[in-house]
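A.B. asks: Provided herewith: start25.txt, compact mmCIF, C-alpha atoms and all ligand atoms.
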# COMPACT_ATOMS: atom_id res chain seq x y z
CA MET A 19 -38.43 -48.29 30.61
CA VAL A 20 -35.19 -50.07 29.85
CA PHE A 21 -36.64 -51.16 26.53
CA TYR A 22 -37.56 -47.59 25.77
CA LEU A 23 -34.04 -46.35 26.55
CA ILE A 24 -32.41 -49.00 24.39
CA SER A 25 -34.77 -48.40 21.53
CA SER A 26 -34.13 -44.63 21.61
CA LEU A 27 -30.36 -45.18 21.69
CA VAL A 28 -30.64 -47.45 18.68
CA ALA A 29 -32.97 -45.05 16.95
CA LEU A 30 -30.73 -42.01 17.48
CA PRO A 31 -28.32 -42.70 14.61
CA TYR A 32 -31.27 -43.32 12.33
CA ARG A 33 -32.81 -40.01 13.32
CA ARG A 34 -29.53 -38.27 12.69
CA ALA A 35 -29.29 -39.96 9.34
CA THR A 36 -32.83 -38.85 8.49
CA ILE A 37 -32.07 -35.25 9.48
CA LEU A 38 -28.86 -35.26 7.49
CA LEU A 39 -30.61 -36.74 4.47
CA THR A 40 -33.37 -34.13 4.68
CA LEU A 41 -30.80 -31.34 4.88
CA ALA A 42 -28.88 -32.76 1.93
CA LEU A 43 -32.06 -32.99 -0.16
CA ALA A 44 -33.05 -29.42 0.77
CA PHE A 45 -29.56 -28.18 -0.19
CA ALA A 46 -29.73 -30.03 -3.50
CA ALA A 47 -33.14 -28.48 -4.18
CA VAL A 48 -31.82 -24.98 -3.49
CA LEU A 49 -28.89 -25.60 -5.84
CA ALA A 50 -31.19 -26.91 -8.56
CA CYS A 51 -33.44 -23.83 -8.34
CA SER A 52 -30.74 -21.15 -8.21
CA PRO A 53 -29.99 -19.57 -11.61
CA SER A 54 -26.75 -20.38 -13.36
CA GLY A 55 -24.21 -17.62 -14.15
CA LYS A 56 -25.60 -17.40 -17.69
CA ASP A 57 -29.12 -16.64 -16.48
CA ASP A 58 -27.70 -13.92 -14.21
CA ALA A 59 -26.18 -12.15 -17.21
CA ILE A 60 -29.53 -12.18 -19.02
CA ALA A 61 -31.35 -10.81 -15.96
CA SER A 62 -28.94 -7.84 -15.51
CA PRO A 63 -29.63 -4.45 -17.24
CA THR A 64 -28.92 -4.34 -20.94
CA PRO A 65 -25.48 -3.02 -21.88
CA ALA A 66 -27.07 -0.06 -23.69
CA ALA A 67 -28.91 1.08 -20.55
CA THR A 68 -25.72 0.72 -18.52
CA VAL A 69 -23.78 2.86 -20.99
CA VAL A 70 -26.39 5.64 -20.75
CA VAL A 71 -26.13 5.67 -16.96
CA VAL A 72 -22.33 5.60 -16.90
CA ARG A 73 -22.13 8.30 -19.54
CA SER A 74 -24.54 10.65 -17.80
CA GLY A 75 -23.30 14.14 -17.04
CA GLU A 76 -22.96 13.41 -13.35
CA ALA A 77 -20.86 10.31 -13.91
CA LEU A 78 -18.68 12.20 -16.38
CA PHE A 79 -18.26 15.03 -13.92
CA SER A 80 -17.19 12.83 -11.01
CA GLY A 81 -14.98 10.75 -13.30
CA ILE A 82 -13.14 13.53 -15.15
CA CYS A 83 -13.82 16.96 -13.70
CA ALA A 84 -14.10 16.44 -9.94
CA SER A 85 -10.37 15.78 -9.45
CA CYS A 86 -9.76 19.47 -10.23
CA HIS A 87 -13.10 21.21 -9.63
CA GLY A 88 -14.10 19.20 -6.52
CA LEU A 89 -16.74 16.48 -6.11
CA SER A 90 -19.54 19.05 -5.68
CA GLY A 91 -17.98 21.56 -8.06
CA GLU A 92 -16.74 23.66 -5.14
CA GLY A 93 -13.37 24.43 -6.81
CA GLN A 94 -9.98 24.84 -5.13
CA PRO A 95 -9.28 27.27 -2.30
CA ASN A 96 -7.90 30.64 -3.47
CA TRP A 97 -9.08 29.86 -6.98
CA HIS A 98 -8.82 33.52 -7.96
CA ILE A 99 -5.15 33.89 -6.93
CA ARG A 100 -2.78 33.21 -9.82
CA LYS A 101 -0.09 30.58 -9.18
CA GLU A 102 3.62 30.95 -9.95
CA ASP A 103 3.24 29.29 -13.36
CA GLY A 104 0.73 31.98 -14.32
CA THR A 105 -2.37 29.73 -14.19
CA LEU A 106 -5.31 30.02 -11.84
CA PRO A 107 -6.40 27.07 -9.65
CA PRO A 108 -9.62 25.36 -10.85
CA PRO A 109 -12.55 27.63 -9.96
CA PRO A 110 -15.87 26.57 -8.42
CA LEU A 111 -18.47 25.49 -10.99
CA ASN A 112 -21.30 25.19 -8.43
CA GLY A 113 -22.55 28.75 -8.81
CA ASP A 114 -20.19 30.31 -6.22
CA GLY A 115 -17.69 31.49 -8.84
CA HIS A 116 -18.55 33.27 -12.05
CA THR A 117 -19.24 30.35 -14.41
CA TRP A 118 -22.88 31.39 -14.54
CA HIS A 119 -21.90 34.70 -16.20
CA HIS A 120 -21.08 32.76 -19.35
CA GLY A 121 -23.53 31.46 -21.95
CA ASP A 122 -23.85 27.79 -22.92
CA GLY A 123 -21.76 28.33 -26.07
CA PHE A 124 -18.84 29.77 -24.08
CA LEU A 125 -18.92 26.96 -21.51
CA TYR A 126 -19.08 24.40 -24.32
CA LYS A 127 -15.96 25.85 -25.97
CA VAL A 128 -14.04 25.91 -22.67
CA VAL A 129 -14.73 22.19 -22.17
CA ARG A 130 -14.18 21.18 -25.81
CA ASP A 131 -11.11 23.31 -26.59
CA GLY A 132 -9.79 23.91 -23.06
CA GLY A 133 -8.79 27.23 -21.55
CA LYS A 134 -6.21 27.63 -24.35
CA TRP A 135 -9.12 28.79 -26.44
CA MET A 136 -9.25 31.94 -24.28
CA GLU A 137 -5.49 32.63 -24.41
CA SER A 138 -4.57 35.44 -26.73
CA PRO A 139 -1.47 37.55 -27.49
CA ASP A 140 -3.57 40.55 -26.44
CA ILE A 141 -3.61 39.28 -22.84
CA PRO A 142 -0.05 37.91 -22.43
CA HIS A 143 -0.37 37.46 -18.65
CA PHE A 144 -3.24 35.00 -19.09
CA LYS A 145 -2.41 31.27 -19.12
CA SER A 146 -5.06 28.62 -18.57
CA GLY A 147 -4.82 25.29 -16.75
CA MET A 148 -8.14 23.96 -18.08
CA PRO A 149 -7.52 20.95 -20.37
CA ALA A 150 -9.41 20.35 -23.66
CA PHE A 151 -11.87 17.43 -23.71
CA GLY A 152 -12.92 17.58 -27.37
CA GLU A 153 -11.01 14.38 -28.20
CA GLN A 154 -12.38 12.48 -25.24
CA LEU A 155 -16.03 13.56 -25.12
CA SER A 156 -18.73 13.59 -27.77
CA HIS A 157 -20.94 16.60 -28.46
CA ASP A 158 -23.76 15.10 -26.37
CA GLU A 159 -21.42 14.31 -23.52
CA ILE A 160 -20.11 17.90 -23.38
CA VAL A 161 -23.68 19.22 -23.36
CA GLY A 162 -24.52 16.60 -20.70
CA VAL A 163 -21.67 17.50 -18.38
CA ILE A 164 -22.42 21.24 -18.66
CA THR A 165 -26.12 20.57 -18.02
CA TYR A 166 -25.06 18.70 -14.89
CA VAL A 167 -22.82 21.62 -13.80
CA LYS A 168 -25.79 23.96 -14.22
CA SER A 169 -27.92 21.69 -12.03
CA LEU A 170 -25.46 22.39 -9.18
CA TRP A 171 -26.50 26.04 -9.09
CA GLY A 172 -29.82 25.29 -7.39
CA ASP A 173 -31.66 28.50 -6.62
CA LYS A 174 -28.57 30.63 -5.90
CA THR A 175 -28.92 34.29 -6.73
CA GLY A 176 -26.55 36.89 -8.13
CA ARG A 177 -27.15 40.45 -9.26
CA GLY A 178 -30.53 40.28 -7.55
CA MET A 179 -31.89 37.40 -9.60
CA SER A 180 -31.66 33.65 -9.96
CA ILE A 181 -28.32 32.85 -11.57
CA ARG A 182 -29.99 30.14 -13.66
CA GLU A 183 -32.36 32.73 -15.14
CA TRP A 184 -29.46 35.08 -15.73
CA GLN A 185 -27.45 32.38 -17.51
CA ALA A 186 -30.48 31.24 -19.52
CA GLU A 187 -30.86 34.78 -20.82
CA VAL A 188 -27.17 35.08 -21.78
CA SER A 189 -27.44 31.69 -23.50
CA LEU A 190 -30.16 32.98 -25.83
CA LYS A 191 -27.42 34.92 -27.63
CA ASP A 192 -24.73 32.30 -27.00
CA PRO A 193 -26.39 28.87 -27.23
CA PHE A 194 -24.80 25.41 -27.40
CA PRO A 195 -23.52 24.78 -30.94
CA ALA A 196 -25.62 22.43 -33.06
CA GLY A 197 -24.62 18.78 -32.83
CA PRO A 198 -22.69 16.97 -35.55
C1 LIG A 201 -6.50 19.50 -14.64
C2 LIG A 201 -7.52 20.21 -13.92
C3 LIG A 201 -8.87 20.40 -14.58
C4 LIG A 201 -9.75 19.42 -15.02
C5 LIG A 201 -9.55 17.92 -15.02
C6 LIG A 201 -10.93 20.14 -15.46
N1 LIG A 201 -10.77 21.47 -15.31
FE1 LIG A 201 -12.12 22.91 -15.77
N2 LIG A 201 -10.78 24.34 -15.27
C7 LIG A 201 -9.53 24.13 -14.75
C8 LIG A 201 -8.88 25.40 -14.51
C9 LIG A 201 -7.48 25.59 -13.93
C10 LIG A 201 -9.79 26.39 -14.91
C11 LIG A 201 -9.57 27.90 -14.89
C12 LIG A 201 -9.28 28.22 -16.29
C13 LIG A 201 -8.66 29.50 -16.57
O1 LIG A 201 -7.95 30.10 -15.80
O2 LIG A 201 -8.88 29.84 -17.70
C14 LIG A 201 -10.97 25.69 -15.40
C15 LIG A 201 -12.10 26.33 -15.91
C16 LIG A 201 -13.27 25.69 -16.27
C17 LIG A 201 -14.47 26.36 -16.70
C18 LIG A 201 -14.66 27.87 -16.85
C19 LIG A 201 -15.13 28.36 -15.51
C20 LIG A 201 -15.41 29.82 -15.44
O3 LIG A 201 -15.99 30.22 -14.42
O4 LIG A 201 -15.07 30.57 -16.35
C21 LIG A 201 -15.40 25.40 -16.94
C22 LIG A 201 -16.85 25.60 -17.40
C23 LIG A 201 -14.78 24.13 -16.65
N3 LIG A 201 -13.48 24.33 -16.25
C24 LIG A 201 -15.42 22.92 -16.77
C25 LIG A 201 -14.78 21.71 -16.61
C26 LIG A 201 -15.42 20.44 -16.87
C27 LIG A 201 -16.89 20.28 -17.26
C28 LIG A 201 -14.48 19.48 -16.67
C29 LIG A 201 -14.60 18.00 -16.90
C30 LIG A 201 -15.04 17.57 -18.21
C31 LIG A 201 -13.25 20.14 -16.26
N4 LIG A 201 -13.48 21.49 -16.24
C32 LIG A 201 -12.07 19.50 -15.94
C33 LIG A 201 -8.96 22.92 -14.48
C34 LIG A 201 -9.51 21.68 -14.77
In structure tokens, how does this file's structure come out?
C.D. replies:
Amino acid sequence: MVFYLISSLVALPYRRATILLTLALAFAAVLACSPSGKDDAIASPTPAATVVVVRSGEALFSGICASCHGLSGEGQPNWHIRKEDGTLPPPPLNGDGHTWHHGDGFLYKVVRDGGKWMESPDIPHFKSGMPAFGEQLSHDEIVGVITYVKSLWGDKTGRGMSIREWQAEVSLKDPFPAGP
């Protein structure tokens, strides 16, 4: 019994050492198998695919348009009441306002050239707060962001029919301009 106790006391440090050594070897093995930073870069999506995702209409909308038109395109409250500077607050683009009355070509011009495009000496009271994005966005990006806006309309109806159908019909006469 005494012998057994002594031998286990002596053995204890060795056991600890064995456990520690095993742990150290396991750790080293994990380190050896884990990929280096370089391999990680190769395994991630290609830059081209990333650009397509980031540049999608939805990403463009939340990045550039949502600050004024709202994250879901809901617009600002009282959007139809003119402010002191003569401009209107940003309207809803989600199908609740009247965006869907306009054809694709009209919507394209509003985004490319801004609301200034609609200002005219014939309507002196009208001043627009919608900026122009023609310098910032390519043709495809403008079409993409408008296509995204149209996807927000869901199956809402107006004038007794689906507003998407209504807008599609108007767009037959007023389509997106041809690309560059
Ligand atoms: C600085 C605020 C601001 C930003 C940013 C902005 N808009 Fe506007 N937008 C407006 C205002 C204000 C109007 C109302 C224009 C008017 O009175 O002519 C408007 C009008 C519009 C209209 C016409 C709506 C209608 O029912 O006639 C469209 C379409 C539109 N914006 C799309 C966009 C898109 C797409 C983006 C992002 C690329 C964007 N806007 C970014 C302020 C903004």
A.B. asks: State, in Å with one decimal place, the distance from atom CA of Ser90 of chain A to atom CA of Gly172 of chain A.
C.D. replies: 12.1 Å
A.B. asks: Residues up to 6 Å from ligand LIG 201 (chain A), counting all atoms listed in the file: could you list those as a VMD selection string?
C.D. replies: chain A and resid 79 82 to 83 86 105 to 109 115 to 117 125 128 to 129 133 146 to 149 163 to 164
A.B. asks: Set the distance at 8 Å and use all atoms listed in the file: which residues neighbour Phe144 of chain A once local chain neighbours fewer than 6 positions away are removed? I'd like the list as a ChimeraX atom specification.
C.D. replies: /A:104-105,137-138
A.B. asks: Pick out the residues sitting within 9 Å of segment 167-169 of chain A, and hand them over as an MDAnalysis selection string; count all atoms listed in the file, and ignore anything fewer than 2 positions along from it in its own chain.
C.D. replies: chainID A and resid 75:76 79 91 111:113 118 162:165 171:172 182
A.B. asks: To one decimal place, how far is atom CA of Lys134 of chain A from atom CA of Ile181 of chain A in Å?
C.D. replies: 26.1 Å
A.B. asks: Using all atoms listed in the file and a cutoff of 12 Å, can you tell me which residues are near (-27.0, 37.7, -22.3) in the file's coordinates, and write them out as a list of chain:residue names?
C.D. replies: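 The distance filter leaves exactly A:Trp118, A:His119, A:His120, A:Gly121, A:Asp122, A:Gly123, A:Phe124, A:Ile181, A:Arg182, A:Glu183, A:Trp184, A:Gln185, A:Ala186, A:Glu187, A:Val188, A:Ser189, A:Leu190, A:Lys191, A:Asp192, A:Pro193.
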A.B. asks: Could you jot down the atom CA of Lys174 of chain A to atom CA of Gly93 of chain A separation for me, Å, one decimal place?
C.D. replies: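 Answer for the atom CA of Lys174 of chain A to atom CA of Gly93 of chain A separation: 16.4 Å.
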A.B. asks: Considering only C-alpha atoms, can you say which of A:Glu92, A:Asp131, A:Glu102, A:Asp140 comes closest to Gly152 of chain A?
C.D. replies: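 Closest to Gly152 of chain A of all the choices is A:Asp131.
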A.B. asks: Residues within 8 Å of Leu89 of chain A, please, as a count of residues only. Count all atoms listed in the file; anything in the same chain fewer than 4 positions from it doesn't count.
C.D. replies: 3
